[in-house]
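*Asks:* Below is work.cif; it holds mmCIF, C-alpha atoms and all ligand atoms.
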```
data_start
#
loop_
_atom_site.label_atom_id
_atom_site.label_comp_id
_atom_site.auth_asym_id
_atom_site.auth_seq_id
_atom_site.Cartn_x
_atom_site.Cartn_y
_atom_site.Cartn_z
CA MET A 10 46.10 -24.75 -4.32
CA HIS A 11 49.47 -26.30 -3.66
CA ASP A 12 52.67 -25.03 -2.08
CA GLY A 13 55.69 -24.12 -4.08
CA ILE A 14 56.44 -23.16 -7.65
CA THR A 15 56.83 -25.91 -10.23
CA VAL A 16 59.23 -25.28 -13.11
CA ARG A 17 59.63 -27.33 -16.31
CA ALA A 18 62.19 -26.55 -19.01
CA GLY A 19 62.26 -28.23 -22.37
CA GLU A 20 61.59 -28.22 -26.08
CA CYS A 21 57.84 -27.88 -25.96
CA THR A 22 54.64 -27.19 -27.83
CA THR A 23 52.08 -24.94 -26.12
CA THR A 24 48.47 -24.97 -27.25
CA PHE A 25 45.79 -22.61 -26.03
CA ASP A 26 42.08 -23.13 -26.71
CA GLY A 27 38.80 -21.51 -25.77
CA ASN A 28 39.67 -17.85 -26.35
CA ARG A 29 39.64 -16.85 -30.02
CA VAL A 30 42.05 -13.94 -29.57
CA ARG A 31 44.69 -15.98 -27.77
CA ALA A 32 44.18 -19.38 -29.48
CA HIS A 33 47.53 -20.61 -30.77
CA GLU A 34 50.03 -23.38 -31.08
CA GLN A 35 53.69 -22.51 -30.54
CA ARG A 36 56.81 -24.61 -30.35
CA GLY A 37 60.28 -23.81 -29.01
CA ARG A 38 62.69 -24.19 -26.13
CA MET A 39 60.68 -22.80 -23.24
CA VAL A 40 60.23 -22.72 -19.48
CA ALA A 41 56.83 -23.30 -17.88
CA VAL A 42 56.09 -21.99 -14.38
CA VAL A 43 53.14 -23.21 -12.28
CA LYS A 44 52.41 -20.95 -9.28
CA PRO A 45 50.63 -21.94 -6.04
CA ASP A 46 47.40 -20.22 -7.17
CA ASN A 47 47.33 -22.37 -10.38
CA THR A 48 48.61 -19.57 -12.60
CA VAL A 49 50.62 -21.09 -15.47
CA LEU A 50 53.17 -18.99 -17.38
CA VAL A 51 55.20 -20.21 -20.36
CA HIS A 52 58.29 -18.20 -21.28
CA ASP A 53 60.50 -18.31 -24.36
CA ALA A 54 63.77 -16.43 -24.99
CA GLU A 55 62.11 -13.20 -26.17
CA GLY A 56 60.80 -10.21 -24.23
CA TYR A 57 59.38 -10.21 -20.74
CA GLN A 58 55.87 -11.44 -21.51
CA PRO A 59 54.94 -15.10 -21.43
CA VAL A 60 54.16 -16.65 -24.85
CA ALA A 61 51.24 -18.44 -23.23
CA TRP A 62 49.50 -18.17 -19.87
CA LEU A 63 46.39 -19.00 -17.90
CA THR A 64 45.85 -17.17 -14.62
CA ARG A 65 44.34 -18.87 -11.54
CA ALA A 66 43.11 -21.92 -13.45
CA GLU A 67 40.43 -24.12 -11.89
CA SER A 68 42.67 -27.16 -12.27
CA VAL A 69 46.26 -27.85 -13.22
CA THR A 70 47.78 -31.27 -13.78
CA VAL A 71 51.55 -31.53 -13.95
CA GLY A 72 53.05 -34.68 -15.43
CA PRO A 73 56.65 -35.41 -16.36
CA ASP A 74 56.13 -34.36 -20.00
CA ARG A 75 52.86 -32.44 -19.95
CA ILE A 76 51.23 -29.58 -18.07
CA GLU A 77 47.54 -29.01 -18.56
CA ALA A 78 45.57 -26.12 -17.10
CA VAL A 79 41.79 -25.75 -17.48
CA ASP A 80 39.61 -22.78 -16.57
CA GLY A 81 36.02 -22.85 -17.83
CA ASP A 82 36.28 -23.49 -21.56
CA GLN A 83 39.86 -22.19 -21.72
CA GLN A 84 42.63 -24.74 -21.84
CA LEU A 85 46.42 -24.38 -21.89
CA ALA A 86 48.58 -27.41 -22.58
CA VAL A 87 52.37 -27.61 -22.56
CA GLU A 88 53.73 -30.77 -24.18
CA CYS A 89 57.47 -31.36 -23.74
CA HIS A 90 59.18 -33.26 -26.55
CA GLU A 91 62.61 -32.99 -24.98
CA HIS A 92 62.95 -32.47 -21.22
CA PHE A 93 65.81 -30.24 -20.01
CA GLY A 94 64.97 -30.17 -16.32
CA GLY A 95 62.45 -29.17 -13.70
CA ALA A 96 61.50 -29.34 -10.07
CA THR A 97 59.11 -27.93 -7.48
CA TYR A 98 60.66 -25.27 -5.29
CA PRO A 99 59.41 -23.75 -2.00
CA ALA A 100 57.86 -20.31 -2.57
CA SER A 101 56.50 -17.46 -0.44
CA ALA A 102 55.09 -14.00 -1.02
CA ALA A 103 57.94 -11.51 -1.37
CA GLY A 104 58.07 -8.39 0.79
CA THR A 105 60.35 -5.61 1.99
CA PRO A 106 63.09 -7.04 4.26
CA VAL A 107 62.59 -5.71 7.82
CA GLY A 108 65.19 -7.58 9.90
CA ASP A 109 66.03 -10.99 11.31
CA CYS A 110 63.46 -13.41 12.69
CA PRO A 111 63.99 -13.84 16.46
CA ASP A 112 62.65 -17.42 16.30
CA CYS A 113 64.94 -18.82 13.61
CA ASP A 114 67.75 -17.65 11.31
CA GLY A 115 65.33 -16.46 8.60
CA ALA A 116 64.73 -12.94 7.32
CA LEU A 117 61.46 -11.14 8.14
CA VAL A 118 59.59 -9.48 5.27
CA HIS A 119 56.80 -6.89 5.29
CA GLY A 120 54.07 -7.64 2.71
CA SER A 121 50.71 -5.94 2.19
CA ASP A 122 49.09 -6.93 5.50
CA ALA A 123 51.65 -8.76 7.61
CA VAL A 124 55.24 -9.21 8.70
CA THR A 125 56.13 -12.83 8.00
CA CYS A 126 59.10 -15.18 8.20
CA PRO A 127 59.11 -17.43 5.13
CA ASN A 128 61.54 -19.74 6.94
CA CYS A 129 59.49 -20.65 10.06
CA ASP A 130 56.03 -19.40 8.96
CA ALA A 131 55.79 -16.84 11.80
CA ARG A 132 53.14 -14.24 10.90
CA TYR A 133 52.21 -10.91 12.51
CA GLY A 134 49.28 -9.04 10.96
CA VAL A 135 49.88 -5.29 10.63
CA PRO A 136 47.49 -2.50 9.53
CA ALA A 137 47.72 -1.59 5.85
CA ASP A 138 48.83 1.96 6.72
CA ALA A 139 51.55 0.88 9.21
CA ALA A 140 55.18 1.78 8.58
CA VAL A 141 57.44 -1.03 9.79
CA LEU A 142 60.57 0.37 11.44
CA THR A 143 63.90 -1.35 11.05
CA ASP A 144 66.26 0.82 13.11
CA GLU A 145 65.35 -0.14 16.71
CA PRO A 146 63.68 -3.51 17.19
CA CYS A 147 61.47 -4.34 20.18
CA ASP A 148 63.09 -6.11 23.17
CA CYS A 149 61.52 -9.33 21.87
CA GLY A 150 63.60 -9.04 18.70
CA LEU A 151 60.74 -8.22 16.32
CA PRO A 152 60.55 -4.90 14.46
CA ARG A 153 58.26 -2.15 15.70
CA MET A 154 55.67 -0.34 13.57
CA ARG A 155 54.50 3.27 13.44
CA VAL A 156 50.74 3.81 13.08
CA GLU A 157 48.67 7.01 13.26
CA ARG A 158 45.46 6.59 15.29
CA GLY A 159 44.73 10.03 16.69
CA ARG A 160 48.43 10.49 17.26
CA GLU A 161 51.55 8.59 16.29
CA PHE A 162 52.04 5.23 18.04
CA GLU A 163 55.09 3.00 17.88
CA VAL A 164 54.42 -0.57 18.99
CA CYS A 165 55.79 -4.06 18.40
CA VAL A 166 54.37 -5.83 15.31
CA ASP A 167 53.39 -8.65 17.70
CA ARG A 168 50.09 -7.57 19.29
CA SER A 169 50.57 -10.03 22.15
CA CYS A 170 53.89 -8.31 22.96
CA GLU A 171 52.59 -4.74 22.76
CA SER A 172 48.96 -3.98 21.91
CA LEU A 173 48.17 -1.10 19.56
CA ASP A 174 44.57 -1.16 20.84
CA ASP A 175 45.77 -0.73 24.45
CA ALA A 176 48.06 2.14 23.44
CA VAL A 177 45.25 3.96 21.60
CA ALA A 178 42.86 3.32 24.51
CA ALA A 179 45.41 4.69 27.01
CA ALA A 180 45.58 7.88 24.95
CA PHE A 181 41.95 8.43 23.92
CA ASP A 182 39.58 6.29 26.03
CA ARG A 183 36.82 8.59 27.46
CA GLU A 184 38.60 11.53 25.84
CA TRP A 185 35.62 12.58 23.71
CA ASP A 186 31.88 12.99 24.53
CA CYS A 187 29.17 11.13 22.67
CA PRO A 188 27.34 13.60 20.40
CA ASN A 189 24.03 11.74 20.82
CA CYS A 190 23.75 11.20 24.60
CA THR A 191 25.47 12.05 27.87
CA GLY A 192 27.98 9.20 27.55
CA GLU A 193 31.66 9.22 26.76
CA LEU A 194 33.33 7.48 23.85
CA ARG A 195 35.35 4.35 24.70
CA ILE A 196 38.13 2.98 22.53
CA LEU A 197 37.23 -0.58 21.62
CA ARG A 198 37.62 -3.13 18.85
CA ARG A 199 34.43 -4.15 17.09
CA GLY A 200 35.61 -5.25 13.64
CA GLY A 201 37.94 -2.27 13.42
CA LEU A 202 39.20 0.09 16.11
CA LEU A 203 36.24 2.27 17.21
CA ALA A 204 35.45 5.24 19.39
CA GLY A 205 32.08 3.94 20.57
CA CYS A 206 29.58 5.21 23.14
CA GLU A 207 29.86 3.72 26.64
CA HIS A 208 26.05 3.36 26.70
CA TYR A 209 26.04 0.78 23.90
CA PRO A 210 23.62 -0.92 23.11
CA ASP A 211 21.23 1.82 24.35
CA CYS A 212 23.25 4.26 22.23
CA ASP A 213 24.90 2.74 19.16
CA THR A 214 27.03 5.77 18.31
CA GLY A 215 30.45 4.64 17.11
CA PHE A 216 33.09 5.95 14.73
CA GLY A 217 36.08 4.14 13.24
CA VAL A 218 39.30 5.76 14.49
CA PRO A 219 40.75 7.24 11.30
CA THR A 220 44.33 7.01 10.10
CA GLY A 221 45.75 10.39 11.05
CA THR A 222 46.40 12.66 14.01
CA VAL A 223 43.98 14.78 16.04
CA ASP A 224 44.05 18.33 14.70
CA GLY A 225 41.82 20.52 16.89
CA GLN A 226 38.07 20.23 17.05
CA CYS A 227 35.24 20.11 14.57
CA ASP A 228 32.46 22.71 15.14
CA CYS A 229 30.17 19.79 16.07
CA GLY A 230 32.31 19.18 19.18
CA LEU A 231 34.03 15.98 18.04
CA PRO A 232 37.77 15.97 17.32
CA ALA A 233 39.05 16.76 13.85
CA PHE A 234 41.74 14.57 12.25
CA ALA A 235 44.53 15.45 9.85
CA THR A 236 44.49 12.44 7.51
CA PRO A 237 46.42 11.56 4.33
CA THR A 238 43.35 12.65 2.34
CA GLY A 239 42.71 15.92 4.21
CA ARG A 240 41.21 17.26 7.46
CA ARG A 241 38.01 15.59 8.60
CA CYS A 242 35.71 15.12 11.59
CA LEU A 243 35.84 11.87 13.64
CA ASP A 244 32.29 11.40 12.33
CA PRO A 245 32.67 10.73 8.60
CA ALA A 246 29.02 11.78 8.06
CA CYS A 247 29.33 15.06 10.02
CA SER A 248 27.65 17.90 8.09
CA VAL A 249 29.61 20.62 9.90
CA SER A 250 32.89 19.04 8.78
CA GLN A 251 32.20 20.00 5.16
CA SER A 252 33.58 23.42 6.06
CA LEU A 253 36.81 22.06 7.63
ZN ZN B 301 61.50 -17.41 11.52
ZN ZN B 302 57.91 -7.16 20.91
ZN ZN B 303 25.92 7.85 23.25
ZN ZN B 304 31.99 17.21 13.15
#
```
With the file now loaded, output its structure as structure tokens.
*Replies:*
Amino acid sequence: MHDGITVRAGECTTTFDGNRVRAHEQRGRMVAVVKPDNTVLVHDAEGYQPVAWLTRAESVTVGPDRIEAVDGDQQLAVECHEHFGGATYPASAAGTPVGDCPDCDGALVHGSDAVTCPNCDARYGVPADAAVLTDEPCDCGLPRMRVERGREFEVCVDRSCESLDDAVAAAFDREWDCPNCTGELRILRRGGLLAGCEHYPDCDTGFGVPTGTVDGQCDCGLPAFATPTGRRCLDPACSVSQSL
């Protein structure tokens, strides 16, 4: 792995070996792109597909006139006969723009699992199902996110500024009884966010808090949740919930 995207443009020959279907030699004026995960793409003037590629190669060597990528017995080489230009540029994962970074003059982006600033490397992990809100930022300058954990919560994307766990605990801690003993369910983080019995480890009852909002009660006594995939019991293995 290396940082940045390397680009080489020139009059080149690409050769690909080790895969009978894709074995070839092609020559033309082309642009080769080497990505941080060692994916190599070679583009010509036609279409959107690369004329040659090797994804996530084990090794890539980039010289002034030659790029060579090797993965198992597959090998892609790009030999430049005439060099038009090239450089290595800084690169980051792209995401939806969600406002200005309070720590620098960069723009924050929301990717699959985090809000990041490509400019100063600030990173705030967010749940996969979170909606990042752009209209009213937190007092700290960061955007807030909306997450459903029993009900809708809106908190800062920075957990040290405003904790989602604390907000869910304030709403649902000791709200539900343990179905297997006389204890109450606490809201706690053990891997994920759990409603777990207060008598742990004597009672190891615990359920992940689902994405969704509480929607009445299951016949077993536990709360029911309206989730994106339908209504279900807090206990994903509850037999009564089949009739929900
Ligand atoms: Zn920044
Ligand atoms: Zn904040
Ligand atoms: Zn219990
Ligand atoms: Zn149930």
*Asks:* Which residues of region 88-114 of chain A sit at most 9 Å from region 140-148 of chain A, using all atoms listed in the file? Give each one's shortest atom pair and distance in Å (one decimal place), in chain and ascending residue order, as a Markdown table.
*Replies:*
```
| residue | atom | partner | partner_atom | distance |
| --- | --- | --- | --- | --- |
| A:Pro106 | CA | A:Thr143 | CA | 8.9 |
| A:Val107 | CA | A:Thr143 | CA | 5.6 |
| A:Gly108 | CA | A:Thr143 | CA | 6.5 |
```
*Asks:* Based on the selection just made, write C-alpha atoms of those residues as a PDB file, in the frame of the given file.
*Replies:*
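Wrote it out as selection_36.pdb, contents follow:
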```pdb
ATOM      1  CA  PRO A 106      63.090  -7.040   4.260  1.00  0.00           C
ATOM      2  CA  VAL A 107      62.590  -5.710   7.820  1.00  0.00           C
ATOM      3  CA  GLY A 108      65.190  -7.580   9.900  1.00  0.00           C
TER       4      GLY A 108
END
```
*Asks:* Identify, on the basis of all atoms listed in the file, every residue whose closest approach to Val69 (chain A) does not exceed 7 Å; exclude the query and any residue fewer than 3 positions from it along the same chain; express the result as an MDAnalysis selection string.
*Replies:* chainID A and resid 47 66 77:79
*Asks:* What is the CA of Tyr98 (chain A)-CA of Ala137 (chain A) distance in Å, reported with one decimal?
*Replies:*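 A separation of 29.2 Å between them.
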*Asks:* Any residue with an atom at most 12 Å from ligand ZN 301 (chain B) counts, using only C-alpha atoms and all ligand atoms. Which are they? Put them as a PDB file with C-alpha atoms, in the frame of the given file.
*Replies:*
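Written file, pocket22.pdb:
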```pdb
ATOM      1  CA  GLY A 108      65.190  -7.580   9.900  1.00  0.00           C
ATOM      2  CA  ASP A 109      66.030 -10.990  11.310  1.00  0.00           C
ATOM      3  CA  CYS A 110      63.460 -13.410  12.690  1.00  0.00           C
ATOM      4  CA  PRO A 111      63.990 -13.840  16.460  1.00  0.00           C
ATOM      5  CA  ASP A 112      62.650 -17.420  16.300  1.00  0.00           C
ATOM      6  CA  CYS A 113      64.940 -18.820  13.610  1.00  0.00           C
ATOM      7  CA  ASP A 114      67.750 -17.650  11.310  1.00  0.00           C
ATOM      8  CA  GLY A 115      65.330 -16.460   8.600  1.00  0.00           C
ATOM      9  CA  ALA A 116      64.730 -12.940   7.320  1.00  0.00           C
ATOM     10  CA  LEU A 117      61.460 -11.140   8.140  1.00  0.00           C
ATOM     11  CA  VAL A 118      59.590  -9.480   5.270  1.00  0.00           C
ATOM     12  CA  VAL A 124      55.240  -9.210   8.700  1.00  0.00           C
ATOM     13  CA  THR A 125      56.130 -12.830   8.000  1.00  0.00           C
ATOM     14  CA  CYS A 126      59.100 -15.180   8.200  1.00  0.00           C
ATOM     15  CA  PRO A 127      59.110 -17.430   5.130  1.00  0.00           C
ATOM     16  CA  ASN A 128      61.540 -19.740   6.940  1.00  0.00           C
ATOM     17  CA  CYS A 129      59.490 -20.650  10.060  1.00  0.00           C
ATOM     18  CA  ASP A 130      56.030 -19.400   8.960  1.00  0.00           C
ATOM     19  CA  ALA A 131      55.790 -16.840  11.800  1.00  0.00           C
ATOM     20  CA  ARG A 132      53.140 -14.240  10.900  1.00  0.00           C
ATOM     21  CA  TYR A 133      52.210 -10.910  12.510  1.00  0.00           C
ATOM     22  CA  GLY A 150      63.600  -9.040  18.700  1.00  0.00           C
ATOM     23  CA  LEU A 151      60.740  -8.220  16.320  1.00  0.00           C
TER      24      LEU A 151
END
```
*Asks:* Mind dumping a table of every chain A residue within 12 Å of ligand ZN 304 (chain B), with the nearest atom pair and its distance in Å to one decimal, using only C-alpha atoms and all ligand atoms, sorted by chain and rising number, as CSV?
*Replies:*
```
residue,atom,partner,partner_atom,distance
A:Cys187,CA,B:ZN304,ZN,11.6
A:Pro188,CA,B:ZN304,ZN,9.3
A:Phe216,CA,B:ZN304,ZN,11.4
A:Gly225,CA,B:ZN304,ZN,11.0
A:Gln226,CA,B:ZN304,ZN,7.8
A:Cys227,CA,B:ZN304,ZN,4.6
A:Asp228,CA,B:ZN304,ZN,5.9
A:Cys229,CA,B:ZN304,ZN,4.3
A:Gly230,CA,B:ZN304,ZN,6.4
A:Leu231,CA,B:ZN304,ZN,5.4
A:Pro232,CA,B:ZN304,ZN,7.2
A:Ala233,CA,B:ZN304,ZN,7.1
A:Phe234,CA,B:ZN304,ZN,10.1
A:Arg240,CA,B:ZN304,ZN,10.8
A:Arg241,CA,B:ZN304,ZN,7.7
A:Cys242,CA,B:ZN304,ZN,4.5
A:Leu243,CA,B:ZN304,ZN,6.6
A:Asp244,CA,B:ZN304,ZN,5.9
A:Pro245,CA,B:ZN304,ZN,7.9
A:Ala246,CA,B:ZN304,ZN,8.0
A:Cys247,CA,B:ZN304,ZN,4.6
A:Ser248,CA,B:ZN304,ZN,6.7
A:Val249,CA,B:ZN304,ZN,5.3
A:Ser250,CA,B:ZN304,ZN,4.8
A:Gln251,CA,B:ZN304,ZN,8.5
A:Ser252,CA,B:ZN304,ZN,9.6
A:Leu253,CA,B:ZN304,ZN,8.8
```
*Asks:* Measure the distance from CA of Asn28 (chain A) to CA of Val71 (chain A) in Å and round it to one decimal.
*Replies:*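 If I compute the distance from CA of Asn28 (chain A) to CA of Val71 (chain A), I get 22.0 Å.
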*Asks:* Around ligand ZN 302 (chain B), at most 10 Å away and counting all atoms listed in the file, which residues are there? Put them as a VMD selection string, please.
*Replies:* chain A and resid 146 to 153 164 to 172
*Asks:* Emit the selected residues as a short mmCIF file (atom, residue, chain, number, x, y, z; two decimals), in the coordinates of the input, including C-alpha atoms.
*Replies:*
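Result went into result_10.cif, see below:
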```
data_model
loop_
_atom_site.label_atom_id
_atom_site.label_comp_id
_atom_site.auth_asym_id
_atom_site.auth_seq_id
_atom_site.Cartn_x
_atom_site.Cartn_y
_atom_site.Cartn_z
CA PRO A 146 63.68 -3.51 17.19
CA CYS A 147 61.47 -4.34 20.18
CA ASP A 148 63.09 -6.11 23.17
CA CYS A 149 61.52 -9.33 21.87
CA GLY A 150 63.60 -9.04 18.70
CA LEU A 151 60.74 -8.22 16.32
CA PRO A 152 60.55 -4.90 14.46
CA ARG A 153 58.26 -2.15 15.70
CA VAL A 164 54.42 -0.57 18.99
CA CYS A 165 55.79 -4.06 18.40
CA VAL A 166 54.37 -5.83 15.31
CA ASP A 167 53.39 -8.65 17.70
CA ARG A 168 50.09 -7.57 19.29
CA SER A 169 50.57 -10.03 22.15
CA CYS A 170 53.89 -8.31 22.96
CA GLU A 171 52.59 -4.74 22.76
CA SER A 172 48.96 -3.98 21.91
#
```
*Asks:* Between A:Ile14, A:Val51, A:Cys21, A:Val40, single out the one closest to Glu91 (chain A), counting only C-alpha atoms.
*Replies:*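 Using only C-alpha atoms, Glu91 (chain A) sits closest to A:Cys21.
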